[in-house]
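Participant: Structure file model-v5.txt (compact mmCIF, C-alpha atoms) right here:
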# COMPACT_ATOMS: atom_id res chain seq x y z
CA MET A 1 -43.85 -13.12 28.31
CA LYS A 2 -44.01 -9.64 26.77
CA THR A 3 -41.19 -8.52 29.04
CA LYS A 4 -38.94 -11.42 28.03
CA LEU A 5 -39.71 -10.85 24.36
CA SER A 6 -39.06 -7.11 24.71
CA ILE A 7 -35.72 -7.75 26.44
CA PHE A 8 -34.79 -10.24 23.73
CA PHE A 9 -35.55 -7.72 20.94
CA LEU A 10 -33.72 -4.97 22.83
CA LEU A 11 -30.61 -7.12 23.23
CA PHE A 12 -30.84 -8.32 19.64
CA SER A 13 -31.16 -4.71 18.42
CA LEU A 14 -28.21 -3.54 20.48
CA PHE A 15 -26.11 -6.41 19.18
CA SER A 16 -27.17 -5.87 15.56
CA PHE A 17 -26.67 -2.12 15.52
CA GLY A 18 -23.47 -2.36 17.53
CA GLN A 19 -21.76 -4.23 14.73
CA VAL A 20 -19.74 -1.90 12.54
CA PRO A 21 -19.26 -2.96 8.92
CA HIS A 22 -15.62 -3.50 8.09
CA CYS A 23 -13.68 -2.86 4.96
CA GLY A 24 -11.86 -5.82 3.42
CA PHE A 25 -8.63 -3.85 3.78
CA ASP A 26 -8.99 -2.81 7.44
CA PHE A 27 -5.60 -2.22 9.06
CA THR A 28 -3.88 -2.33 5.67
CA SER A 29 -2.20 0.37 3.63
CA TYR A 30 -0.22 0.33 0.44
CA LEU A 31 2.96 2.01 -0.66
CA VAL A 32 2.71 2.77 -4.36
CA VAL A 33 5.72 3.62 -6.55
CA LYS A 34 5.63 5.13 -10.03
CA ALA A 35 9.15 5.01 -11.49
CA HIS A 36 9.82 6.63 -14.85
CA GLU A 37 12.36 8.61 -16.84
CA GLU A 38 12.43 12.41 -16.93
CA GLY A 39 9.83 13.68 -19.41
CA LYS A 40 8.11 10.29 -19.75
CA SER A 41 5.10 8.93 -17.93
CA ASP A 42 5.42 5.19 -18.61
CA ASN A 43 6.32 3.12 -15.56
CA ILE A 44 9.65 1.33 -16.07
CA SER A 45 9.33 -2.45 -15.96
CA ASP A 46 11.84 -4.94 -14.56
CA LEU A 47 12.68 -2.96 -11.44
CA LYS A 48 13.41 -4.46 -8.05
CA ILE A 49 12.05 -2.14 -5.37
CA THR A 50 12.83 -3.14 -1.80
CA LEU A 51 12.11 -1.66 1.61
CA VAL A 52 15.47 -0.86 3.26
CA ASN A 53 16.99 1.03 6.18
CA GLU A 54 19.19 4.14 5.84
CA LYS A 55 22.21 1.91 5.06
CA GLY A 56 20.40 0.20 2.16
CA ILE A 57 19.97 -3.10 4.03
CA GLU A 58 16.74 -4.99 3.28
CA ILE A 59 14.10 -4.97 6.00
CA ILE A 60 12.85 -8.40 7.08
CA ASN A 61 9.19 -8.52 8.09
CA GLU A 62 9.79 -10.41 11.35
CA ASN A 63 6.55 -11.86 12.73
CA ASN A 64 4.51 -9.69 10.34
CA LYS A 65 5.55 -6.51 12.16
CA TYR A 66 5.31 -4.27 9.08
CA SER A 67 3.00 -6.19 6.72
CA TRP A 68 0.28 -8.80 7.10
CA LYS A 69 1.85 -10.56 4.12
CA TYR A 70 5.37 -11.85 3.54
CA GLY A 71 6.09 -12.95 7.13
CA ASN A 72 9.82 -13.28 7.91
CA GLN A 73 10.76 -12.23 4.37
CA ALA A 74 12.27 -9.13 2.80
CA LEU A 75 9.61 -6.59 1.81
CA VAL A 76 9.76 -6.35 -1.98
CA PHE A 77 7.29 -4.41 -4.13
CA THR A 78 5.28 -6.21 -6.81
CA ARG A 79 3.72 -4.90 -10.01
CA ASN A 80 0.03 -4.12 -10.10
CA HIS A 81 -1.72 -6.75 -12.25
CA LEU A 82 -3.50 -5.87 -15.47
CA ILE A 83 -6.75 -7.85 -15.29
CA SER A 84 -8.53 -6.69 -18.44
CA LYS A 85 -8.96 -9.02 -21.36
CA PRO A 86 -7.76 -8.22 -24.88
CA ASN A 87 -9.96 -5.63 -26.65
CA GLU A 88 -11.29 -4.34 -23.30
CA ALA A 89 -10.58 -1.05 -21.58
CA GLU A 90 -7.51 -1.25 -19.36
CA LYS A 91 -8.40 -2.53 -15.85
CA TRP A 92 -5.98 -3.01 -12.97
CA PHE A 93 -6.28 -5.26 -9.91
CA PHE A 94 -5.87 -2.15 -7.74
CA PRO A 95 -7.59 0.44 -9.95
CA TYR A 96 -6.49 3.41 -7.86
CA SER A 97 -2.85 2.88 -8.71
CA GLY A 98 -2.72 1.85 -12.37
CA ASP A 99 0.63 0.71 -13.75
CA THR A 100 2.75 0.92 -10.59
CA TYR A 101 4.67 -1.10 -8.02
CA LEU A 102 2.88 -1.95 -4.74
CA LEU A 103 3.72 -3.08 -1.23
CA SER A 104 1.11 -3.95 1.38
CA VAL A 105 1.95 -2.61 4.87
CA THR A 106 0.08 -2.22 8.15
CA ASN A 107 -1.64 1.07 8.99
CA THR A 108 0.83 1.49 11.85
CA PHE A 109 3.82 1.19 9.52
CA PRO A 110 6.45 3.81 10.55
CA ALA A 111 7.17 5.06 7.02
CA GLU A 112 9.55 7.84 8.08
CA ASP A 113 11.99 5.24 9.42
CA PHE A 114 12.53 3.57 6.06
CA PHE A 115 13.69 4.02 2.49
CA ILE A 116 12.96 2.26 -0.77
CA LYS A 117 15.84 0.97 -2.86
CA ILE A 118 15.17 0.94 -6.59
CA GLN A 119 17.36 -1.29 -8.73
CA ASP A 120 17.07 -1.95 -12.44
CA THR A 121 17.47 -5.68 -13.11
CA LYS A 122 18.64 -4.90 -16.66
CA GLY A 123 21.27 -2.39 -15.54
CA LYS A 124 20.07 0.59 -17.63
CA TYR A 125 19.30 2.90 -14.69
CA LYS A 126 21.21 4.09 -11.63
CA GLU A 127 20.24 2.63 -8.26
CA GLN A 128 18.33 5.05 -6.02
CA LEU A 129 17.39 5.30 -2.35
CA VAL A 130 14.26 7.32 -1.58
CA GLN A 131 13.14 8.14 1.96
CA LEU A 132 9.49 7.40 2.75
CA GLN A 133 7.03 9.75 4.42
CA ALA A 134 3.78 8.95 6.22
CA PHE A 135 1.78 10.68 3.48
CA ASN A 136 3.16 8.13 0.98
CA MET A 137 0.82 5.45 2.37
CA TYR A 138 -2.50 4.70 0.69
CA ILE A 139 -4.82 3.93 3.60
CA LEU A 140 -7.58 2.02 1.89
CA CYS A 141 -10.61 2.03 4.21
CA SER A 142 -12.63 5.23 4.12
CA SER A 143 -12.59 6.30 7.79
CA GLU A 144 -8.81 5.87 7.98
CA ASN A 145 -8.43 7.48 4.57
CA GLU A 146 -10.45 10.51 5.67
CA ARG A 147 -8.44 10.79 8.90
CA GLN A 148 -5.21 10.64 6.93
CA ALA A 149 -6.39 13.24 4.44
CA ARG A 150 -7.12 15.63 7.32
CA SER A 151 -3.68 14.94 8.79
CA PHE A 152 -1.58 15.12 5.65
CA GLY A 153 -3.61 17.22 3.24
CA PRO A 154 -3.72 16.76 -0.53
CA ARG A 155 -0.40 14.91 -0.70
CA SER A 156 -1.95 11.73 0.71
CA ASN A 157 -2.80 8.79 -1.55
CA ASN A 158 -0.44 9.78 -4.32
CA PRO A 159 2.19 7.42 -5.67
CA ILE A 160 5.81 7.91 -4.72
CA GLU A 161 7.08 9.41 -7.94
CA VAL A 162 10.67 8.45 -8.75
CA ILE A 163 12.55 9.74 -11.76
CA LEU A 164 15.27 7.32 -12.76
CA GLU A 165 18.47 8.36 -14.48
CA ARG A 166 20.21 6.29 -17.11
CA LYS A 167 23.73 5.07 -16.33
Before we go any further, please render this structure as structure tokens.

Facilitator:
Amino acid sequence: MKTKLSIFFLLFSLFSFGQVPHCGFDFTSYLVVKAHEEGKSDNISDLKITLVNEKGIEIINENNKYSWKYGNQALVFTRNHLISKPNEAEKWFFPYSGDTYLLSVTNTFPAEDFFIKIQDTKGKYKEQLVQLQAFNMYILCSSENERQARSFGPRSNNPIEVILERK
């Protein structure tokens, strides 16, 4: 009986300690864009920021190849949501990025193969294409984030800063 109980506890212990805690954002990264005018820091609202190829053609996320969200749709950035209540300190849904535009992508996303197209829906600013780099990705879970920081240095986990010009 002691042998069976010992084997049971040994197997239970191996199973319990073999489980690795996971981050809620495992296998997910974010591209973060901060678009502003020269000499100003405020993010420009009403922009359409889309993931495109070198010809400016929108990328379709076929079978969730590039993002776990937006299957079979164009990959369009969304604004970070302000979640604070009136008379509270400013709080953002993704606090690491503040007032920016975001796009969720997979950790295996080949950033160097793509561009972002920035268009002003009100027509005040010139359209821009900006090539992406691997260090533009915010890898959210700590072990991946640490690996990326070793690979890319201090440039990792910084927003893609875009300075827009007026027409």

Participant: State, in Å with one decimal place, the distance from CA of Asn72 in chain A to CA of Val162 in chain A.

Facilitator: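 A separation of 27.4 Å between them.
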
Participant: Go through A:Phe114, A:Tyr30, A:Tyr96, A:Phe109 one by one, measure the shortest atom-to-atom distance of each to Phe77 in chain A using all atoms listed in the file, and give the residue with the smallest value.

Facilitator: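 Looking only at the distances to Phe77 in chain A, the closest residue turns out to be A:Tyr30.
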
Participant: If you measure from CA of Ala134 in chain A to CA of Val52 in chain A, what distance in Å do you get, rounded to one decimal?

Facilitator: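 Interatomic distance here is 15.5 Å.
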
Participant: Near Ser45 in chain A, within 10 Å and counting only C-alpha atoms, which residues show up once chain neighbours fewer than 3 positions away are dropped, as a PDB file with C-alpha atoms, in the coordinates of the input?

Facilitator:
ATOM      1  CA  ALA A  35       9.150   5.010 -11.490  1.00  0.00           C
ATOM      2  CA  HIS A  36       9.820   6.630 -14.850  1.00  0.00           C
ATOM      3  CA  ASP A  42       5.420   5.190 -18.610  1.00  0.00           C
ATOM      4  CA  LYS A  48      13.410  -4.460  -8.050  1.00  0.00           C
ATOM      5  CA  ARG A  79       3.720  -4.900 -10.010  1.00  0.00           C
ATOM      6  CA  ASP A  99       0.630   0.710 -13.750  1.00  0.00           C
ATOM      7  CA  THR A 100       2.750   0.920 -10.590  1.00  0.00           C
ATOM      8  CA  TYR A 101       4.670  -1.100  -8.020  1.00  0.00           C
ATOM      9  CA  ASP A 120      17.070  -1.950 -12.440  1.00  0.00           C
ATOM     10  CA  THR A 121      17.470  -5.680 -13.110  1.00  0.00           C
ATOM     11  CA  LYS A 122      18.640  -4.900 -16.660  1.00  0.00           C
TER      12      LYS A 122
END

Participant: In Å, with one decimal, what is the gap from CA of Asp46 in chain A to CA of Glu58 in chain A?

Facilitator: 18.5 Å

Participant: From the options A:Leu75, A:Ile160, A:Met137, A:Ile57, which residue's atoms come nearest to Val33 in chain A, counting all atoms listed in the file?

Facilitator: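 The answer is A:Ile160, which sits nearest to Val33 in chain A.
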
Participant: With only C-alpha atoms as the counted atoms, please give the residues lying no more than 7 Å from Phe115 in chain A, apart from itself and same-chain residues fewer than 6 positions off, as number ranges by chain.

Facilitator: A: 51-54, 129-132

Participant: Go ahead and dump the residues you just picked, C-alpha atoms, as an mmCIF file, in the frame of the given file.

Facilitator:
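selection_31.cif written:
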data_model
loop_
_atom_site.group_PDB
_atom_site.id
_atom_site.type_symbol
_atom_site.label_atom_id
_atom_site.label_comp_id
_atom_site.auth_asym_id
_atom_site.auth_seq_id
_atom_site.Cartn_x
_atom_site.Cartn_y
_atom_site.Cartn_z
ATOM 1 C CA LEU A 51 12.110 -1.660 1.610
ATOM 2 C CA VAL A 52 15.470 -0.860 3.260
ATOM 3 C CA ASN A 53 16.990 1.030 6.180
ATOM 4 C CA GLU A 54 19.190 4.140 5.840
ATOM 5 C CA LEU A 129 17.390 5.300 -2.350
ATOM 6 C CA VAL A 130 14.260 7.320 -1.580
ATOM 7 C CA GLN A 131 13.140 8.140 1.960
ATOM 8 C CA LEU A 132 9.490 7.400 2.750
#

Participant: With only C-alpha atoms as the atoms that count, which of A:Gln73, A:Asn61, A:Ile44, A:Ala89 lies nearest to Tyr125 in chain A?

Facilitator: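 Using only C-alpha atoms, Tyr125 in chain A sits closest to A:Ile44.
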
Participant: Have a look at A:Glu62, A:Lys85, A:Lys55, A:Thr50 and name the one nearest to Ile116 in chain A; count all atoms listed in the file.

Facilitator: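 The answer is A:Thr50, which sits nearest to Ile116 in chain A.
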
Participant: Counting only C-alpha atoms, which of A:Gly56, A:Glu161, A:Ser104, A:Ser97 gets nearest to Tyr70 in chain A?

Facilitator: A:Ser104

Participant: Counting all atoms listed in the file, which residue out of A:Gln133, A:Lys40, A:Ala74, A:Gly123 sits closest to Ala111 in chain A?

Facilitator: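 Ranked by minimum distance to Ala111 in chain A, first place goes to A:Gln133.
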
Participant: Which residues, written as a compact mmCIF listing (two decimals) with C-alpha atoms, in the coordinates of the input, have at least one atom at most 10 Å from His81 in chain A, with all atoms listed in the file counted and residues fewer than 3 positions away on the same chain left out?

Facilitator:
# COMPACT_ATOMS: atom_id res chain seq x y z
CA THR A 78 5.28 -6.21 -6.81
CA SER A 84 -8.53 -6.69 -18.44
CA LYS A 91 -8.40 -2.53 -15.85
CA TRP A 92 -5.98 -3.01 -12.97
CA PHE A 93 -6.28 -5.26 -9.91
CA PHE A 94 -5.87 -2.15 -7.74
CA PRO A 95 -7.59 0.44 -9.95
CA GLY A 98 -2.72 1.85 -12.37
CA ASP A 99 0.63 0.71 -13.75
CA THR A 100 2.75 0.92 -10.59
CA TYR A 101 4.67 -1.10 -8.02
